[in-house]
Each structure stands twice: as structure tokens, then as C-alpha cells.
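Data from data-v1.pdb: PDB, C-alpha atoms
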```pdb
ATOM      1  CA  MET A 234      -0.887  -5.157  20.419  1.00  0.00           C
ATOM      2  CA  LYS A 235      -0.788  -2.426  17.811  1.00  0.00           C
ATOM      3  CA  GLN A 236       0.792  -3.084  14.436  1.00  0.00           C
ATOM      4  CA  ASP A 237       3.063  -0.098  15.084  1.00  0.00           C
ATOM      5  CA  VAL A 238       5.186  -2.743  16.837  1.00  0.00           C
ATOM      6  CA  ARG A 239       5.726  -4.623  13.601  1.00  0.00           C
ATOM      7  CA  GLY A 240       8.278  -7.307  14.454  1.00  0.00           C
ATOM      8  CA  PRO A 241       5.924  -9.713  16.297  1.00  0.00           C
ATOM      9  CA  PHE A 242       3.295  -9.406  13.540  1.00  0.00           C
ATOM     10  CA  VAL A 243       5.787 -10.095  10.784  1.00  0.00           C
ATOM     11  CA  GLN A 244       7.116 -13.142  12.631  1.00  0.00           C
ATOM     12  CA  ALA A 245       3.676 -14.497  13.569  1.00  0.00           C
ATOM     13  CA  LEU A 246       2.160 -14.120  10.091  1.00  0.00           C
ATOM     14  CA  GLN A 247       5.149 -14.979   7.907  1.00  0.00           C
ATOM     15  CA  ARG A 248       4.395 -18.671   7.330  1.00  0.00           C
ATOM     16  CA  ALA A 249       0.694 -18.061   6.701  1.00  0.00           C
ATOM     17  CA  ARG A 250       1.502 -15.349   4.164  1.00  0.00           C
ATOM     18  CA  VAL A 251       4.024 -17.528   2.345  1.00  0.00           C
ATOM     19  CA  THR A 252       1.448 -20.339   2.216  1.00  0.00           C
ATOM     20  CA  ALA A 253      -1.405 -18.116   1.028  1.00  0.00           C
ATOM     21  CA  TYR A 254       0.265 -16.664  -2.063  1.00  0.00           C
ATOM     22  CA  PRO A 255       0.941 -18.585  -5.279  1.00  0.00           C
ATOM     23  CA  PRO A 256       4.615 -19.491  -5.846  1.00  0.00           C
ATOM     24  CA  GLY A 257       6.723 -16.413  -6.524  1.00  0.00           C
ATOM     25  CA  GLU A 258       3.940 -13.982  -5.576  1.00  0.00           C
ATOM     26  CA  PHE A 259       4.961 -13.274  -1.964  1.00  0.00           C
ATOM     27  CA  VAL A 260       7.601 -10.552  -1.646  1.00  0.00           C
ATOM     28  CA  GLU A 261       7.002  -9.681   2.026  1.00  0.00           C
ATOM     29  CA  GLN A 262       4.024  -7.457   1.204  1.00  0.00           C
ATOM     30  CA  GLU A 263       1.621  -6.684   4.031  1.00  0.00           C
ATOM     31  CA  SER A 264      -1.407  -6.663   1.760  1.00  0.00           C
ATOM     32  CA  PHE A 265      -3.381  -8.708  -0.763  1.00  0.00           C
ATOM     33  CA  MET A 266      -1.330  -7.555  -3.774  1.00  0.00           C
ATOM     34  CA  GLY A 267       0.698 -10.210  -5.525  1.00  0.00           C
ATOM     35  CA  ALA A 268       4.207  -9.584  -6.836  1.00  0.00           C
ATOM     36  CA  GLY A 269       2.923  -9.608 -10.402  1.00  0.00           C
ATOM     37  CA  GLU A 270       0.375  -6.889  -9.632  1.00  0.00           C
ATOM     38  CA  VAL A 271       3.039  -4.801  -7.910  1.00  0.00           C
ATOM     39  CA  LEU A 272       5.262  -5.051 -10.959  1.00  0.00           C
ATOM     40  CA  VAL A 273       2.455  -4.200 -13.392  1.00  0.00           C
ATOM     41  CA  LEU A 274       1.575  -1.051 -11.441  1.00  0.00           C
ATOM     42  CA  ALA A 275       5.244  -0.053 -11.148  1.00  0.00           C
ATOM     43  CA  ARG A 276       5.746  -0.416 -14.895  1.00  0.00           C
ATOM     44  CA  GLN A 277       2.569   1.521 -15.629  1.00  0.00           C
ATOM     45  CA  ALA A 278       4.032   4.301 -13.471  1.00  0.00           C
ATOM     46  CA  GLY A 279       7.212   4.312 -15.542  1.00  0.00           C
ATOM     47  CA  ILE A 280       9.554   3.157 -12.802  1.00  0.00           C
ATOM     48  CA  ALA A 281      12.967   2.433 -14.271  1.00  0.00           C
ATOM     49  CA  PRO A 282      16.650   3.072 -13.515  1.00  0.00           C
ATOM     50  CA  GLY A 283      17.216   6.655 -12.378  1.00  0.00           C
ATOM     51  CA  VAL A 284      13.522   7.337 -11.653  1.00  0.00           C
ATOM     52  CA  SER A 285      12.947   8.913  -8.218  1.00  0.00           C
ATOM     53  CA  VAL A 286      10.284   7.049  -6.236  1.00  0.00           C
ATOM     54  CA  LEU A 287       8.634   8.043  -2.958  1.00  0.00           C
ATOM     55  CA  ASP A 288       6.789   5.141  -1.297  1.00  0.00           C
ATOM     56  CA  LEU A 289       4.353   6.439   1.328  1.00  0.00           C
ATOM     57  CA  CYS A 290       3.342   4.209   4.258  1.00  0.00           C
ATOM     58  CA  CYS A 291       5.821   1.615   3.009  1.00  0.00           C
ATOM     59  CA  GLY A 292       5.760  -0.600   6.124  1.00  0.00           C
ATOM     60  CA  VAL A 293       8.547  -3.174   5.903  1.00  0.00           C
ATOM     61  CA  ALA A 294       8.789  -2.204   2.211  1.00  0.00           C
ATOM     62  CA  GLY A 295       8.468  -5.626   0.662  1.00  0.00           C
ATOM     63  CA  PRO A 296       7.001  -4.219  -2.588  1.00  0.00           C
ATOM     64  CA  GLY A 297       9.413  -1.284  -2.557  1.00  0.00           C
ATOM     65  CA  ARG A 298      12.453  -3.515  -2.205  1.00  0.00           C
ATOM     66  CA  PHE A 299      11.056  -5.810  -4.900  1.00  0.00           C
ATOM     67  CA  ILE A 300      10.512  -2.905  -7.307  1.00  0.00           C
ATOM     68  CA  THR A 301      13.994  -1.564  -6.649  1.00  0.00           C
ATOM     69  CA  LYS A 302      15.539  -4.964  -7.302  1.00  0.00           C
ATOM     70  CA  GLU A 303      13.521  -5.693 -10.443  1.00  0.00           C
ATOM     71  CA  LEU A 304      13.354  -2.277 -12.119  1.00  0.00           C
ATOM     72  CA  GLY A 305      16.022  -0.126 -10.508  1.00  0.00           C
ATOM     73  CA  CYS A 306      15.135   3.332  -9.193  1.00  0.00           C
ATOM     74  CA  ALA A 307      16.089   5.937  -6.618  1.00  0.00           C
ATOM     75  CA  TYR A 308      13.812   4.641  -3.858  1.00  0.00           C
ATOM     76  CA  ARG A 309      12.746   6.390  -0.650  1.00  0.00           C
ATOM     77  CA  GLY A 310      10.320   4.694   1.723  1.00  0.00           C
ATOM     78  CA  VAL A 311       8.484   6.484   4.537  1.00  0.00           C
ATOM     79  CA  ASP A 312       6.409   5.014   7.362  1.00  0.00           C
ATOM     80  CA  LEU A 313       5.261   6.084  10.820  1.00  0.00           C
ATOM     81  CA  SER A 314       6.312   2.774  12.396  1.00  0.00           C
ATOM     82  CA  ALA A 315       9.935   2.852  13.535  1.00  0.00           C
ATOM     83  CA  SER A 316       9.944  -0.918  13.938  1.00  0.00           C
ATOM     84  CA  ALA A 317       8.706  -1.427  10.360  1.00  0.00           C
ATOM     85  CA  ILE A 318      11.412   0.893   9.025  1.00  0.00           C
ATOM     86  CA  GLU A 319      14.032  -0.968  11.034  1.00  0.00           C
ATOM     87  CA  ILE A 320      12.961  -4.240   9.412  1.00  0.00           C
ATOM     88  CA  ALA A 321      12.928  -2.597   5.974  1.00  0.00           C
ATOM     89  CA  ARG A 322      16.484  -1.320   6.415  1.00  0.00           C
ATOM     90  CA  GLU A 323      17.753  -4.699   7.591  1.00  0.00           C
ATOM     91  CA  ARG A 324      16.149  -6.574   4.706  1.00  0.00           C
ATOM     92  CA  ALA A 325      17.122  -4.089   2.001  1.00  0.00           C
ATOM     93  CA  GLY A 326      20.728  -5.277   2.209  1.00  0.00           C
ATOM     94  CA  ASP A 327      22.756  -3.691  -0.581  1.00  0.00           C
ATOM     95  CA  LEU A 328      19.748  -2.359  -2.491  1.00  0.00           C
ATOM     96  CA  PRO A 329      19.849   1.409  -3.122  1.00  0.00           C
ATOM     97  CA  CYS A 330      16.949   2.148  -0.777  1.00  0.00           C
ATOM     98  CA  ARG A 331      16.535   4.974   1.716  1.00  0.00           C
ATOM     99  CA  PHE A 332      14.062   4.849   4.582  1.00  0.00           C
ATOM    100  CA  GLU A 333      12.780   7.296   7.156  1.00  0.00           C
ATOM    101  CA  VAL A 334      10.237   7.418   9.966  1.00  0.00           C
ATOM    102  CA  ALA A 335       7.609  10.118   9.464  1.00  0.00           C
ATOM    103  CA  ARG A 336       3.886  10.733   9.740  1.00  0.00           C
ATOM    104  CA  ILE A 337       1.932  11.192   6.511  1.00  0.00           C
ATOM    105  CA  PRO A 338       0.731  13.867   5.891  1.00  0.00           C
ATOM    106  CA  PRO A 339       2.732  15.995   5.472  1.00  0.00           C
ATOM    107  CA  VAL A 340       4.164  14.471   2.308  1.00  0.00           C
ATOM    108  CA  PRO A 341       7.951  14.919   1.982  1.00  0.00           C
ATOM    109  CA  HIS A 342       9.012  17.672  -0.374  1.00  0.00           C
ATOM    110  CA  GLY A 343       9.976  16.563  -3.856  1.00  0.00           C
ATOM    111  CA  PRO A 344       9.956  16.792  -6.622  1.00  0.00           C
ATOM    112  CA  PHE A 345       9.629  13.071  -7.339  1.00  0.00           C
ATOM    113  CA  ASP A 346       9.009  11.237 -10.591  1.00  0.00           C
ATOM    114  CA  VAL A 347       6.679   8.742  -8.912  1.00  0.00           C
ATOM    115  CA  VAL A 348       4.771   8.588  -5.631  1.00  0.00           C
ATOM    116  CA  LEU A 349       3.473   5.187  -4.515  1.00  0.00           C
ATOM    117  CA  LEU A 350       0.709   4.520  -1.982  1.00  0.00           C
ATOM    118  CA  LEU A 351      -0.016   0.800  -1.860  1.00  0.00           C
ATOM    119  CA  GLU A 352      -2.912  -0.642   0.143  1.00  0.00           C
ATOM    120  CA  THR A 353      -3.076   2.262   2.636  1.00  0.00           C
ATOM    121  CA  MET A 354      -5.393   4.853   1.062  1.00  0.00           C
ATOM    122  CA  LEU A 355      -8.108   3.292   3.243  1.00  0.00           C
ATOM    123  CA  ALA A 356      -6.436   4.634   6.390  1.00  0.00           C
ATOM    124  CA  PHE A 357      -6.756   8.303   5.424  1.00  0.00           C
ATOM    125  CA  ARG A 358     -10.000  10.061   6.272  1.00  0.00           C
ATOM    126  CA  ASP A 359      -9.040  13.340   4.558  1.00  0.00           C
ATOM    127  CA  LYS A 360      -8.076  12.010   1.169  1.00  0.00           C
ATOM    128  CA  ALA A 361      -8.373  15.377  -0.580  1.00  0.00           C
ATOM    129  CA  THR A 362      -5.594  16.944   1.496  1.00  0.00           C
ATOM    130  CA  LEU A 363      -3.375  13.899   1.010  1.00  0.00           C
ATOM    131  CA  ILE A 364      -3.859  13.840  -2.772  1.00  0.00           C
ATOM    132  CA  GLY A 365      -3.220  17.566  -2.991  1.00  0.00           C
ATOM    133  CA  GLU A 366       0.092  17.205  -1.165  1.00  0.00           C
ATOM    134  CA  ILE A 367       1.093  14.244  -3.314  1.00  0.00           C
ATOM    135  CA  SER A 368       0.351  16.219  -6.473  1.00  0.00           C
ATOM    136  CA  GLY A 369       2.489  19.058  -5.163  1.00  0.00           C
ATOM    137  CA  ALA A 370       5.392  16.658  -4.526  1.00  0.00           C
ATOM    138  CA  LEU A 371       5.437  15.403  -8.138  1.00  0.00           C
ATOM    139  CA  LYS A 372       7.490  16.780 -10.975  1.00  0.00           C
ATOM    140  CA  SER A 373       5.580  18.083 -13.981  1.00  0.00           C
ATOM    141  CA  GLY A 374       4.521  14.885 -15.730  1.00  0.00           C
ATOM    142  CA  GLY A 375       5.144  12.882 -12.545  1.00  0.00           C
ATOM    143  CA  ARG A 376       3.008   9.864 -11.693  1.00  0.00           C
ATOM    144  CA  PHE A 377       0.969   8.881  -8.654  1.00  0.00           C
ATOM    145  CA  ALA A 378       0.426   5.107  -8.514  1.00  0.00           C
ATOM    146  CA  PHE A 379      -1.803   3.693  -5.783  1.00  0.00           C
ATOM    147  CA  THR A 380      -4.406   1.160  -4.783  1.00  0.00           C
ATOM    148  CA  MET A 381      -7.674   1.810  -3.017  1.00  0.00           C
ATOM    149  CA  GLU A 382     -10.566  -0.071  -1.470  1.00  0.00           C
ATOM    150  CA  GLU A 383     -13.626   1.643  -2.928  1.00  0.00           C
ATOM    151  CA  GLY A 384     -17.163   1.592  -1.609  1.00  0.00           C
ATOM    152  CA  PRO A 385     -19.668   3.517   0.502  1.00  0.00           C
ATOM    153  CA  PRO A 386     -18.532   4.663   3.962  1.00  0.00           C
ATOM    154  CA  LEU A 387     -19.092   2.294   6.858  1.00  0.00           C
ATOM    155  CA  SER A 388     -22.341   2.653   8.738  1.00  0.00           C
ATOM    156  CA  ASP A 389     -22.241   3.366  12.474  1.00  0.00           C
ATOM    157  CA  ALA A 390     -23.070  -0.284  13.160  1.00  0.00           C
ATOM    158  CA  GLU A 391     -20.294  -1.504  10.855  1.00  0.00           C
ATOM    159  CA  ARG A 392     -17.812   0.922  12.392  1.00  0.00           C
ATOM    160  CA  ALA A 393     -18.684  -0.310  15.886  1.00  0.00           C
ATOM    161  CA  ARG A 394     -17.770  -3.877  14.859  1.00  0.00           C
ATOM    162  CA  MET A 395     -14.651  -2.972  12.874  1.00  0.00           C
ATOM    163  CA  PRO A 396     -11.255  -3.420  14.582  1.00  0.00           C
ATOM    164  CA  ASP A 397      -9.156  -0.220  14.345  1.00  0.00           C
ATOM    165  CA  ALA A 398     -12.101   1.568  12.763  1.00  0.00           C
ATOM    166  CA  ASP A 399     -10.184   4.844  12.875  1.00  0.00           C
ATOM    167  CA  THR A 400      -8.059   3.488  10.000  1.00  0.00           C
ATOM    168  CA  VAL A 401     -10.969   2.395   7.784  1.00  0.00           C
ATOM    169  CA  TRP A 402     -12.337   5.207   5.614  1.00  0.00           C
ATOM    170  CA  LEU A 403     -13.956   3.872   2.460  1.00  0.00           C
ATOM    171  CA  SER A 404     -14.902   6.204  -0.379  1.00  0.00           C
ATOM    172  CA  PRO A 405     -16.650   5.612  -3.712  1.00  0.00           C
ATOM    173  CA  LEU A 406     -14.472   5.426  -6.808  1.00  0.00           C
ATOM    174  CA  SER A 407     -16.311   8.423  -8.275  1.00  0.00           C
ATOM    175  CA  GLU A 408     -15.211  10.583  -5.325  1.00  0.00           C
ATOM    176  CA  MET A 409     -11.610   9.453  -5.728  1.00  0.00           C
ATOM    177  CA  LEU A 410     -11.580  10.223  -9.444  1.00  0.00           C
ATOM    178  CA  ALA A 411     -13.038  13.673  -8.771  1.00  0.00           C
ATOM    179  CA  GLY A 412     -10.404  14.292  -6.100  1.00  0.00           C
ATOM    180  CA  LEU A 413      -7.595  13.328  -8.466  1.00  0.00           C
ATOM    181  CA  LYS A 414      -8.941  15.679 -11.123  1.00  0.00           C
ATOM    182  CA  GLY A 415      -9.226  18.508  -8.604  1.00  0.00           C
ATOM    183  CA  ALA A 416      -5.561  18.031  -7.674  1.00  0.00           C
ATOM    184  CA  GLY A 417      -4.457  18.349 -11.305  1.00  0.00           C
ATOM    185  CA  LEU A 418      -4.004  14.610 -11.858  1.00  0.00           C
ATOM    186  CA  VAL A 419      -5.269  12.748 -14.924  1.00  0.00           C
ATOM    187  CA  VAL A 420      -5.980   9.007 -14.691  1.00  0.00           C
ATOM    188  CA  ARG A 421      -4.061   7.150 -17.420  1.00  0.00           C
ATOM    189  CA  TRP A 422      -4.717   3.579 -16.291  1.00  0.00           C
ATOM    190  CA  GLN A 423      -6.791   1.684 -13.748  1.00  0.00           C
ATOM    191  CA  GLU A 424      -7.684  -1.937 -13.071  1.00  0.00           C
ATOM    192  CA  ASP A 425     -10.161  -3.705 -10.810  1.00  0.00           C
ATOM    193  CA  CYS A 426      -8.301  -6.313  -8.724  1.00  0.00           C
ATOM    194  CA  SER A 427     -11.194  -7.339  -6.483  1.00  0.00           C
ATOM    195  CA  SER A 428     -11.277 -10.976  -7.616  1.00  0.00           C
ATOM    196  CA  SER A 429      -7.556 -11.661  -7.201  1.00  0.00           C
ATOM    197  CA  HIS A 430      -7.426  -9.895  -3.841  1.00  0.00           C
ATOM    198  CA  ARG A 431     -10.492 -11.750  -2.610  1.00  0.00           C
ATOM    199  CA  ALA A 432      -8.778 -15.008  -3.539  1.00  0.00           C
ATOM    200  CA  ILE A 433      -5.720 -14.052  -1.494  1.00  0.00           C
ATOM    201  CA  ALA A 434      -7.909 -12.976   1.425  1.00  0.00           C
ATOM    202  CA  ASP A 435      -9.710 -16.337   1.333  1.00  0.00           C
ATOM    203  CA  SER A 436      -6.384 -18.166   1.130  1.00  0.00           C
ATOM    204  CA  LEU A 437      -5.053 -16.244   4.121  1.00  0.00           C
ATOM    205  CA  ILE A 438      -8.180 -17.081   6.128  1.00  0.00           C
ATOM    206  CA  GLU A 439      -7.713 -20.767   5.290  1.00  0.00           C
ATOM    207  CA  ALA A 440      -4.078 -20.597   6.413  1.00  0.00           C
ATOM    208  CA  PHE A 441      -5.017 -18.907   9.704  1.00  0.00           C
ATOM    209  CA  VAL A 442      -7.849 -21.363  10.397  1.00  0.00           C
ATOM    210  CA  ALA A 443      -5.506 -24.269   9.641  1.00  0.00           C
ATOM    211  CA  GLY A 444      -3.104 -22.888  12.218  1.00  0.00           C
ATOM    212  CA  VAL A 445      -0.294 -22.060   9.798  1.00  0.00           C
ATOM    213  CA  GLY A 446       1.971 -19.484  11.418  1.00  0.00           C
ATOM    214  CA  ASN A 447       3.144 -19.058  14.958  1.00  0.00           C
ATOM    215  CA  GLY A 448       0.216 -20.596  16.806  1.00  0.00           C
ATOM    216  CA  SER A 449      -1.088 -17.178  17.781  1.00  0.00           C
ATOM    217  CA  GLY A 450      -4.739 -18.090  17.320  1.00  0.00           C
ATOM    218  CA  ARG A 451      -5.517 -14.769  15.653  1.00  0.00           C
ATOM    219  CA  GLN A 452      -8.958 -14.366  14.112  1.00  0.00           C
ATOM    220  CA  ALA A 453      -9.090 -13.424  10.444  1.00  0.00           C
ATOM    221  CA  SER A 454     -11.906 -11.549   8.751  1.00  0.00           C
ATOM    222  CA  GLN A 455     -12.626 -10.735   5.134  1.00  0.00           C
ATOM    223  CA  GLY A 456     -11.987  -7.232   3.884  1.00  0.00           C
ATOM    224  CA  PRO A 457     -14.105  -5.152   1.541  1.00  0.00           C
ATOM    225  CA  ASP A 458     -14.511  -5.837  -2.145  1.00  0.00           C
ATOM    226  CA  GLY A 459     -13.807  -3.139  -4.700  1.00  0.00           C
ATOM    227  CA  ILE A 460     -10.016  -3.102  -4.953  1.00  0.00           C
ATOM    228  CA  VAL A 461      -8.747  -0.746  -7.642  1.00  0.00           C
ATOM    229  CA  THR A 462      -5.229   0.059  -8.809  1.00  0.00           C
ATOM    230  CA  ILE A 463      -4.783   3.469 -10.405  1.00  0.00           C
ATOM    231  CA  GLN A 464      -1.964   5.362 -12.067  1.00  0.00           C
ATOM    232  CA  ALA A 465      -2.471   9.110 -12.527  1.00  0.00           C
ATOM    233  CA  ASP A 466      -0.186  11.707 -14.100  1.00  0.00           C
ATOM    234  CA  ARG A 467       0.402  15.249 -12.885  1.00  0.00           C
ATOM    235  CA  VAL A 468      -0.422  17.658 -15.687  1.00  0.00           C
ATOM    236  CA  ARG A 469       0.077  21.028 -14.078  1.00  0.00           C
TER     237      ARG A 469
END
```

Do you think you could lay out the structure here as C-alpha cells?
Amino acid sequence: MKQDVRGPFVQALQRARVTAYPPGEFVEQESFMGAGEVLVLARQAGIAPGVSVLDLCCGVAGPGRFITKELGCAYRGVDLSASAIEIARERAGDLPCRFEVARIPPVPHGPFDVVLLLETMLAFRDKATLIGEISGALKSGGRFAFTMEEGPPLSDAERARMPDADTVWLSPLSEMLAGLKGAGLVVRWQEDCSSSHRAIADSLIEAFVAGVGNGSGRQASQGPDGIVTIQADRVR
């Protein structure tokens, strides 16, 4: 089953995810980020009441809904999965969130104050085109806040063993920083979150092995180290 059909995955993994995160850190994210990390990145990006935010590949938009509730903003979430967007809409309730189903790229036309891309940079092989479109969708002085898994590309042998290898495109941090600069973006803040994300990954594995969840018997594997959160400003 592909994760494009999101409902069964959300239901099967919900209890394990709740168990794996420290109290108060699970906000229906589909990643290793904790709520505190989400909020730190959002604040670094200047998200506040009245700020227009585009959240790319938002999934069920747990972090997006959390940011909207905590900080207030004009939020728009986009994801290719219609089932994920349906869940996001249902769970947003009265929050001022808009959602739409669309493939990325192309990036929706702005201009936006902030563009978010949380835990999905890995899925894009052509990162230069994506970053260029994001830069073009930002207002002058707008901010691009994202996370990435950095490291050398997978070898052929690693790719052969990797599930859904067509969504796993690692790149070194130096290449990412050069790409941001080439798109007219200046890095104002970054943080290495490898240790905290590894701890969550280990906790999730323990929950799956212990059978917490829906009894699906899914196998868990550890992801790559080198998790970086970055906030870059558009300067041209």
C-alpha cells in the first residue's frame, strides 16, 4: 500500500507515534520533528498573526495546524495526496487553514511571507529547480524555512535495498547551501537536529517492535543521520 492512501497509515501508526514522542511533543506530525522544534523553526521564520504561510507537502498538516493555532497566520497547505488533505481539512476544525491537492513542483504563485518544507526535501531529486521556484514565490524579504536530511547520495547497492528509493535523494549540506545562494537566498539560521531525531527514530522502532499500534506487523528501519533545520531569507 502506498502512503498516498493516508488514512490506513495514520490509523495504524497513531498509537506508536503518540507513545514514541515525549509528552506534548506529538502534534500529528508524520516525521521525527517534535512540537518544540516545529515551533522554534516557525518563530525563526517570523510566523505571526497576518503572516502568509505556504506549507509544501504538508501531508495531514499536523505541524501546520499546530503553528496556526499557536502563532496565528494565513496558512495554506498543499500536498499531492488527496486523502491526506481530506484528513487535514477534517482535523483543522475552525482554524483559519486552507488546503489544496497539487503536485510540487510547480510551486503555487505567491507572493508569500514564508514557505515551509518540513521533512520532505529528501523526496526531491531536482532540488535546484524546487528552490528556485520557492524563491520566486517569496516576497522581497520573505523566508524559506525547511528541514533536510544531508549526506552523500545513496550507492546503487543502498538504493536497491531502500523502500521507495525514488523518494530518497540525499545531498551534502554544502550543495544545499550553494543552491540556496544561487536562488538569491541567504541563510540566517540553521541547527543540527540529528541527535533528537535519532532518539525519536529509536523510540518509534521500540514502539513498533513492542507491537504498539494496530497490530500491522510493519517493519521499521532507521533513517539517515544528518538532520538540519534551516531558515533562509530572500534578498532579491

query = Taking only C-alpha atoms into account, which of A:Val286, A:Pro385, A:Pro341, A:Gly295 comes nearest Ala268 of chain A?
reply =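 With only C-alpha atoms as the atom set, the closest residue is A:Gly295.
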
Any chance you could work out the residue set of the PyMOL selection byres ((chain A and resi 428-441) around 6) here, as a PDB file with C-alpha atoms, in the coordinates of the input?
```pdb
ATOM      1  CA  ALA A 249       0.694 -18.061   6.701  1.00  0.00           C
ATOM      2  CA  ALA A 253      -1.405 -18.116   1.028  1.00  0.00           C
ATOM      3  CA  PHE A 265      -3.381  -8.708  -0.763  1.00  0.00           C
ATOM      4  CA  CYS A 426      -8.301  -6.313  -8.724  1.00  0.00           C
ATOM      5  CA  SER A 427     -11.194  -7.339  -6.483  1.00  0.00           C
ATOM      6  CA  VAL A 442      -7.849 -21.363  10.397  1.00  0.00           C
ATOM      7  CA  ALA A 443      -5.506 -24.269   9.641  1.00  0.00           C
ATOM      8  CA  GLY A 444      -3.104 -22.888  12.218  1.00  0.00           C
ATOM      9  CA  VAL A 445      -0.294 -22.060   9.798  1.00  0.00           C
ATOM     10  CA  ALA A 453      -9.090 -13.424  10.444  1.00  0.00           C
TER      11      ALA A 453
END
```

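For the pair atom CA of Ala378 of chain A and atom CA of Leu349 of chain A, the separation is 5.0 Å.
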
ask   = Once the PyMOL selection byres ((chain A and resi 381) around 12) has been applied to the shown file, what residues remain in the selection, as a PyMOL selection string?
value = chain A and resi 264-266+349-357+360+378-380+382-384+401-406+408-410+423-427+430+457-464

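With atom CA of Leu418 of chain A on one side and atom CA of Gly269 of chain A on the other, the separation reads 25.2 Å.
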
If the PyMOL selection byres ((chain A and resi 281) around 7) is run on the structure shown, which residues does it catch, given as a compact mmCIF listing (two decimals) with C-alpha atoms, keeping the file's coordinate frame?
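Resulting contents of selection_38.txt:
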```txt
# COMPACT_ATOMS: atom_id res chain seq x y z
CA GLY A 279 7.21 4.31 -15.54
CA ILE A 280 9.55 3.16 -12.80
CA PRO A 282 16.65 3.07 -13.52
CA GLY A 283 17.22 6.66 -12.38
CA VAL A 284 13.52 7.34 -11.65
CA LEU A 304 13.35 -2.28 -12.12
CA GLY A 305 16.02 -0.13 -10.51
CA CYS A 306 15.14 3.33 -9.19
```

Around segment 432-435 of chain A, with edges along x, y and z and 3 Å added on all six sides, what centre and edge lengths do you get, in Å to one decimal, as lines of an AutoDock Vina configuration file?
```
center_x = -7.7
center_y = -14.7
center_z = -1.1
size_x = 10.0
size_y = 9.4
size_z = 11.0
```

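Across the model, the gap from atom CA of Ala335 of chain A to atom CA of Arg298 of chain A is 18.6 Å.
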
request  = Please provide as a list in words all residues within 8 Å of Glu258 of chain A, with the sequence filter that same-chain residues fewer than 2 positions apart are discarded (counting only C-alpha atoms).
outcome  =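 So, after excluding close chain neighbours, the residues are Tyr254, Pro255, Pro256, Val260, Gly267, Ala268 and Gly269 of chain A.
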
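Proximity to Ser368 of chain A was assessed for A:Leu287, A:Ala245, A:Val348, A:Val251 counting all atoms listed in the file; the smallest distance is recorded for A:Val348.
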
query = Between A:Phe332, A:Arg358, A:Ser285, A:Gly375, which has the minimum distance to Thr400 of chain A (counting all atoms listed in the file)?
reply = A:Arg358

ask   = Quick one: residues within 12 Å of Thr362 of chain A, only C-alpha atoms counted, chain neighbours fewer than 4 positions away excluded, as a PyMOL selection string?
value = chain A and resi 337-340+357-358+366-369+412-413+415-416
